[in-house]
$ cat start_37.cif   # mmCIF, C-alpha atoms
data_start
#
loop_
_atom_site.label_atom_id
_atom_site.label_comp_id
_atom_site.auth_asym_id
_atom_site.auth_seq_id
_atom_site.Cartn_x
_atom_site.Cartn_y
_atom_site.Cartn_z
CA MET A 12 26.95 131.42 -44.99
CA LEU A 13 25.91 127.87 -45.92
CA TRP A 14 25.62 126.80 -42.30
CA TYR A 15 23.59 129.88 -41.48
CA ARG A 16 21.19 129.26 -44.38
CA ALA A 17 20.75 125.65 -43.28
CA TRP A 18 20.07 126.81 -39.72
CA LEU A 19 17.50 129.35 -40.90
CA GLU A 20 15.69 126.64 -42.84
CA THR A 21 15.36 124.33 -39.84
CA ARG A 22 15.54 126.56 -36.77
CA TRP A 23 11.85 126.61 -35.87
CA ARG A 24 11.50 122.85 -36.23
CA PHE A 25 14.49 122.48 -33.91
CA VAL A 26 13.39 125.06 -31.34
CA ILE A 27 9.81 123.77 -31.10
CA GLY A 28 11.03 120.18 -30.92
CA PHE A 29 13.53 121.03 -28.21
CA ALA A 30 10.85 122.73 -26.13
CA LEU A 31 8.46 119.77 -26.51
CA LEU A 32 11.08 117.20 -25.57
CA THR A 33 12.33 119.20 -22.59
CA LEU A 34 8.82 119.65 -21.21
CA SER A 35 8.16 115.96 -21.76
CA ALA A 36 11.32 115.00 -19.83
CA VAL A 37 10.29 117.25 -16.95
CA GLY A 38 6.82 115.69 -16.94
CA VAL A 39 8.20 112.13 -16.87
CA VAL A 40 10.38 112.83 -13.84
CA LEU A 41 7.78 114.77 -11.86
CA ALA A 42 5.11 112.12 -12.53
CA TYR A 43 7.12 109.36 -10.83
CA PRO A 44 5.73 109.82 -7.28
CA LYS A 45 2.19 109.61 -8.66
CA VAL A 46 3.06 106.48 -10.65
CA ILE A 47 4.47 104.81 -7.51
CA SER A 48 1.28 105.61 -5.61
CA LEU A 49 -0.83 103.97 -8.32
CA LEU A 50 1.21 100.76 -8.63
CA PRO A 51 -0.80 98.86 -5.93
CA LEU A 52 -3.86 99.27 -8.16
CA VAL A 53 -2.30 97.27 -11.01
CA PRO A 54 -3.70 93.70 -11.09
CA SER A 55 -1.07 91.15 -10.15
CA GLY A 56 -2.82 88.21 -11.83
CA ASP A 57 -2.85 87.24 -15.49
CA THR A 58 -5.26 89.62 -17.26
CA GLY A 59 -4.65 87.87 -20.58
CA GLY A 60 -3.64 89.18 -23.98
CA GLU A 61 -0.82 91.38 -25.18
CA ILE A 62 -2.25 94.49 -23.51
CA GLY A 63 -2.35 92.80 -20.12
CA HIS A 64 1.20 91.59 -20.55
CA ARG A 65 2.40 95.10 -21.39
CA ILE A 66 0.60 96.59 -18.38
CA ARG A 67 2.25 94.10 -16.03
CA GLU A 68 5.65 94.67 -17.62
CA ALA A 69 5.33 98.46 -17.32
CA ALA A 70 4.31 98.15 -13.68
CA ALA A 71 7.27 95.87 -12.93
CA LEU A 72 9.69 98.30 -14.57
CA ALA A 73 8.19 101.29 -12.75
CA ARG A 74 8.95 99.80 -9.35
CA GLU A 75 12.57 100.78 -9.94
CA TYR A 76 13.34 104.37 -10.97
CA ARG A 77 15.87 103.29 -13.59
CA GLY A 78 13.30 100.95 -15.17
CA TYR A 79 10.64 103.65 -15.07
CA ILE A 80 12.88 106.16 -16.86
CA TRP A 81 13.87 103.64 -19.51
CA SER A 82 10.33 102.49 -20.23
CA GLN A 83 8.65 105.90 -20.16
CA TRP A 84 11.37 108.22 -21.51
CA PHE A 85 13.91 106.28 -23.55
CA GLY A 86 11.38 103.62 -24.54
CA GLN A 87 8.39 105.80 -25.39
CA ASN A 88 8.26 109.59 -25.13
CA LEU A 89 11.73 110.39 -26.44
CA VAL A 90 11.79 107.75 -29.19
CA GLN A 91 8.34 108.61 -30.53
CA THR A 92 8.72 112.39 -30.56
CA TRP A 93 12.35 112.32 -31.69
CA THR A 94 11.49 110.09 -34.67
CA ILE A 95 8.88 112.58 -35.87
CA LEU A 96 11.37 115.43 -35.47
CA ALA A 97 14.03 113.45 -37.37
CA VAL A 98 11.68 113.15 -40.34
CA LEU A 99 10.71 116.83 -40.11
CA LEU A 100 14.33 117.95 -40.08
CA GLY A 101 15.15 115.67 -43.00
CA THR A 102 12.54 117.14 -45.33
CA GLY A 103 13.08 120.23 -47.43
CA GLY A 104 16.22 121.06 -49.35
CA LEU A 105 16.93 122.19 -52.89
CA LEU A 106 14.00 120.53 -54.66
CA ALA A 107 11.51 121.96 -52.18
CA GLN A 108 12.94 125.44 -52.85
CA THR A 109 12.52 125.16 -56.62
CA SER A 110 8.99 126.55 -56.78
CA GLY A 111 9.99 129.73 -54.94
CA GLY A 112 13.22 130.27 -56.81
CA GLY A 113 15.33 129.66 -53.73
CA ALA A 114 17.11 126.72 -55.33
CA LEU A 115 18.45 128.84 -58.21
CA PHE A 116 19.86 131.40 -55.77
CA THR A 117 21.47 128.68 -53.68
CA LEU A 118 22.96 126.97 -56.74
CA SER A 119 24.42 130.27 -57.92
CA MET A 120 26.73 130.32 -54.90
CA PRO A 121 30.37 129.35 -55.63
CA VAL A 122 30.17 125.93 -53.98
CA SER A 123 29.46 122.44 -55.29
CA ARG A 124 26.09 120.76 -54.96
CA THR A 125 27.70 118.06 -52.86
CA ARG A 126 28.93 120.62 -50.35
CA LEU A 127 25.50 122.28 -50.25
CA LEU A 128 23.90 118.95 -49.48
CA ALA A 129 26.58 117.95 -46.97
CA VAL A 130 26.11 121.16 -44.99
CA ARG A 131 22.34 120.72 -44.96
CA ALA A 132 22.66 117.10 -43.81
CA ALA A 133 25.29 117.92 -41.17
CA THR A 134 23.15 120.74 -39.77
CA GLY A 135 20.17 118.44 -39.41
CA LEU A 136 22.23 115.70 -37.78
CA VAL A 137 23.81 118.12 -35.29
CA GLU A 138 20.35 119.37 -34.38
CA LEU A 139 19.13 115.80 -33.94
CA LEU A 140 22.08 114.98 -31.70
CA ALA A 141 21.23 117.99 -29.54
CA LEU A 142 17.57 116.91 -29.43
CA ALA A 143 18.63 113.46 -28.21
CA VAL A 144 21.22 114.55 -25.65
CA LEU A 145 20.05 117.80 -24.06
CA PRO A 146 16.49 116.80 -23.05
CA SER A 147 17.84 113.45 -21.79
CA LEU A 148 20.22 115.28 -19.45
CA VAL A 149 17.17 116.86 -17.81
CA ILE A 150 16.49 113.42 -16.28
CA PRO A 151 19.62 113.22 -14.06
CA LEU A 152 19.46 116.95 -13.32
CA LEU A 153 15.84 116.88 -12.14
CA SER A 154 15.72 113.44 -10.50
CA PRO A 155 16.77 114.71 -7.03
CA ALA A 156 13.55 116.76 -7.02
CA VAL A 157 11.61 113.49 -6.61
CA GLY A 158 14.15 111.91 -4.27
CA GLU A 159 15.85 109.76 -6.93
CA THR A 160 19.09 109.69 -8.90
CA TYR A 161 19.88 108.74 -12.47
CA SER A 162 23.28 108.31 -14.09
CA SER A 163 24.31 110.99 -16.59
CA GLY A 164 26.46 108.37 -18.30
CA SER A 165 23.45 106.12 -18.88
CA ALA A 166 21.47 109.05 -20.23
CA LEU A 167 24.24 109.85 -22.71
CA VAL A 168 24.56 106.22 -23.84
CA HIS A 169 20.83 105.94 -24.47
CA ALA A 170 20.83 109.28 -26.31
CA ALA A 171 23.76 108.17 -28.47
CA CYS A 172 22.04 104.90 -29.43
CA LEU A 173 18.87 106.79 -30.27
CA PHE A 174 20.80 109.20 -32.47
CA VAL A 175 22.87 106.62 -34.37
CA ALA A 176 19.99 104.23 -35.03
CA GLY A 177 17.29 106.85 -35.51
CA ALA A 178 19.34 108.85 -38.00
CA ALA A 179 18.06 106.32 -40.56
CA PHE A 180 14.66 108.05 -40.47
CA PHE A 181 16.32 111.43 -41.07
CA SER A 182 18.37 109.99 -43.92
CA LEU A 183 15.30 108.42 -45.54
CA ALA A 184 13.40 111.72 -45.45
CA PHE A 185 16.52 113.48 -46.73
CA LEU A 186 16.84 111.03 -49.63
CA LEU A 187 13.16 111.31 -50.56
CA SER A 188 13.51 115.10 -50.54
CA THR A 189 15.99 114.73 -53.43
CA ILE A 190 13.50 112.57 -55.36
CA PHE A 191 10.21 114.42 -54.85
CA GLY A 192 9.81 118.17 -55.27
CA ASP A 193 7.00 118.52 -52.71
CA LEU A 194 7.16 118.45 -48.93
CA TRP A 195 4.41 115.92 -48.30
CA ARG A 196 5.78 112.68 -49.74
CA PRO A 197 9.22 113.00 -48.09
CA LEU A 198 7.36 113.68 -44.84
CA LEU A 199 4.57 111.10 -44.97
CA LEU A 200 6.43 108.10 -46.40
CA PRO A 201 9.05 107.90 -43.59
CA LEU A 202 6.35 108.51 -40.97
CA CYS A 203 4.30 105.65 -42.44
CA ALA A 204 7.39 103.43 -42.38
CA ALA A 205 8.01 104.37 -38.73
CA ALA A 206 4.37 103.62 -37.85
CA VAL A 207 4.46 100.22 -39.55
CA LEU A 208 7.68 99.26 -37.75
CA ALA A 209 6.17 100.33 -34.42
CA PHE A 210 2.92 98.45 -35.11
CA TYR A 211 4.36 95.03 -35.95
CA GLU A 212 6.84 94.98 -33.05
CA PRO A 213 4.41 93.95 -30.25
CA PHE A 214 2.71 91.27 -32.36
CA PHE A 215 5.71 89.61 -34.01
CA PRO A 216 8.28 88.97 -31.27
CA GLY A 217 10.50 87.00 -33.64
CA LEU A 218 10.91 90.03 -35.92
CA ALA A 219 11.03 92.55 -33.07
CA ARG A 220 14.59 91.54 -32.18
CA TYR A 221 15.67 93.09 -35.52
CA SER A 222 13.62 96.26 -35.07
CA VAL A 223 15.37 99.61 -35.33
CA TYR A 224 13.34 100.73 -32.33
CA ARG A 225 14.98 98.07 -30.18
CA VAL A 226 18.34 99.65 -31.01
CA MET A 227 17.02 103.19 -30.55
CA ARG A 228 15.78 102.25 -27.08
CA ALA A 229 19.14 100.58 -26.30
CA GLU A 230 17.21 97.72 -24.72
CA ALA A 231 20.27 95.48 -24.66
CA TYR A 232 22.21 98.14 -22.74
CA PHE A 233 19.39 98.56 -20.24
CA ARG A 234 18.99 94.84 -19.59
CA THR A 235 22.57 93.57 -19.87
CA GLY A 236 24.86 96.61 -20.03
CA ALA A 237 26.00 95.66 -23.56
CA LEU A 238 25.74 98.09 -26.44
CA PRO A 239 23.77 96.90 -29.50
CA TRP A 240 26.78 97.11 -31.83
CA PRO A 241 25.33 95.11 -34.77
CA GLY A 242 22.20 97.25 -34.85
CA LEU A 243 24.15 100.47 -34.51
CA LEU A 244 26.50 99.45 -37.33
CA ALA A 245 23.65 98.42 -39.62
CA SER A 246 21.75 101.65 -38.96
CA GLY A 247 24.86 103.77 -39.51
CA LEU A 248 25.62 102.06 -42.81
CA ALA A 249 22.01 102.43 -43.96
CA SER A 250 22.07 106.15 -43.13
CA ALA A 251 25.37 106.65 -44.94
CA ALA A 252 24.07 104.83 -48.01
CA MET A 253 20.91 106.95 -48.15
CA LEU A 254 22.82 110.20 -47.72
CA TYR A 255 25.22 109.16 -50.48
CA ALA A 256 22.27 108.34 -52.76
CA ALA A 257 20.82 111.79 -52.00
CA ALA A 258 24.09 113.44 -53.04
CA VAL A 259 24.11 111.46 -56.30
CA ASN A 260 20.49 112.45 -57.02
CA ILE A 261 21.19 116.16 -56.54
CA ALA A 262 24.40 116.00 -58.61
CA ARG A 263 22.46 114.53 -61.53
CA HIS A 264 19.33 116.67 -61.20
CA ASP A 265 18.66 119.25 -63.90
CA PHE A 266 17.45 122.47 -62.27
#
$ encode --input "start_37.cif" --output "structure tokens"
Amino acid sequence: MLWYRAWLETRWRFVIGFALLTLSAVGVVLAYPKVISLLPLVPSGDTGGEIGHRIREAAALAREYRGYIWSQWFGQNLVQTWTILAVLLGTGGLLAQTSGGGALFTLSMPVSRTRLLAVRAATGLVELLALAVLPSLVIPLLSPAVGETYSSGSALVHAACLFVAGAAFFSLAFLLSTIFGDLWRPLLLPLCAAAVLAFYEPFFPGLARYSVYRVMRAEAYFRTGALPWPGLLASGLASAAMLYAAAVNIARHDF
């Protein structure tokens, strides 16, 4: 019953997100032949500035299919869309149901508030794991259509890093949903935080090495084959702390 209610609350966010990510993965793979044909048009000289550097780097990565997939899918499309979906799935909950009377009905069920919150959080995290893994598996499945191959193992590792590190955005939205009774602040504040983190990364290389996005992209794994264990551990602990704080907030809240 609790799992079903949690699923009903989030199902359309999950289904729409899954469709968007799957279509995006298909588009990334099928666009590769066109990208290869356009590479000779990229200037080889120094065009100056951060934008020129990024263009040259993207072109260099695209010359190898593995680099193209990492830069376009795991480095951009998946991370950006998945982060928004993580925040969307984290919002809602008991406080958001208060105005419609749904919270009182839910609280009348013979289960503790902690269990109610745990089921809601677990449902969202399972959905996020599916949103990271399933669209990513489209890459190795569809790659032969453009004459390339991609390792399913690499796709799963990248998806796992995205999930573990990116769950911090879900947990932040989840925590804020136990503080504010509206939907907008728990939605907008994490999105603003995500935008700020994404904005400073290109312009402050010294700080970028500590960016959560670097862990979500599993850049270390792509470049060296080593998993970003410190970043994964820090993100996991941060998520656990925020989910625990959310449980404490709900336990103390007077409905």
$ closest_residue --input "start_37.cif" --among "A:Tyr79, A:Gly158, A:Ala209, A:Thr189" --to "Arg124 in chain A" --atoms "only C-alpha atoms"
A:Thr189
$ closest_residue --input "start_37.cif" --among "A:Ile190, A:Val40, A:Met253, A:Leu89" --to "Tyr76 in chain A" --atoms "only C-alpha atoms"
A:Val40
$ resolve_selection --input "start_37.cif" --expression "the PyMOL selection byres ((chain A and resi 17-22) around 10)" --output "NGL selection string"
:A and (12-16 or 23-28 or 99-104 or 127-128 or 130-135 or 138)
$ closest_residue --input "start_37.cif" --among "A:Gly86, A:Val207, A:Gly247, A:Leu148" --to "Tyr161 in chain A" --atoms "only C-alpha atoms"
A:Leu148
$ closest_residue --input "start_37.cif" --among "A:Ser82, A:Ser246, A:Ser35, A:Asn88" --to "Ala176 in chain A" --atoms "only C-alpha atoms"
A:Ser246
$ residues_around --input "start_37.cif" --residues "Leu34 in chain A" --least-positions-apart "3" --cutoff "12 Å" --atoms "all atoms listed in the file" --output "MDAnalysis selection string"
chainID A and resid 27:31 37:41 84 88:89 92 145:147 149:150 153
$ closest_residue --input "start_37.cif" --among "A:Ser165, A:Ser123, A:Ser188, A:Ser182" --to "Gly78 in chain A" --atoms "only C-alpha atoms"
A:Ser165
$ residues_around --input "start_37.cif" --residues "Phe181 in chain A" --least-positions-apart "2" --cutoff "6 Å" --atoms "only C-alpha atoms" --output "list in words"
Ala97, Val98, Gly101, Ala178, Ala179, Leu183 and Ala184 of chain A
$ atom_distance --input "start_37.cif" --atom1 "CA of Leu139 in chain A" --atom2 "CA of Val90 in chain A"
11.9 Å
$ residues_near_point --input "start_37.cif" --point "(18.9, 106.6, -27.9)" --cutoff "7 Å" --atoms "only C-alpha atoms" --output "list in words"
Phe85, Ala143, Val168, His169, Ala170, Ala171, Cys172, Leu173, Phe174, Met227, Arg228 and Ala229 of chain A
$ atom_distance --input "start_37.cif" --atom1 "CA of Ala70 in chain A" --atom2 "CA of Arg234 in chain A"
16.2 Å
$ atom_distance --input "start_37.cif" --atom1 "CA of Ala251 in chain A" --atom2 "CA of Leu96 in chain A"
19.0 Å
$ resolve_selection --input "start_37.cif" --expression "the PyMOL selection byres ((chain A and resi 240-244) around 9)" --output "count of residues only"
17
$ closest_residue --input "start_37.cif" --among "A:Trp93, A:Tyr43, A:Trp81, A:Phe180" --to "Leu200 in chain A" --atoms "all atoms listed in the file"
A:Phe180
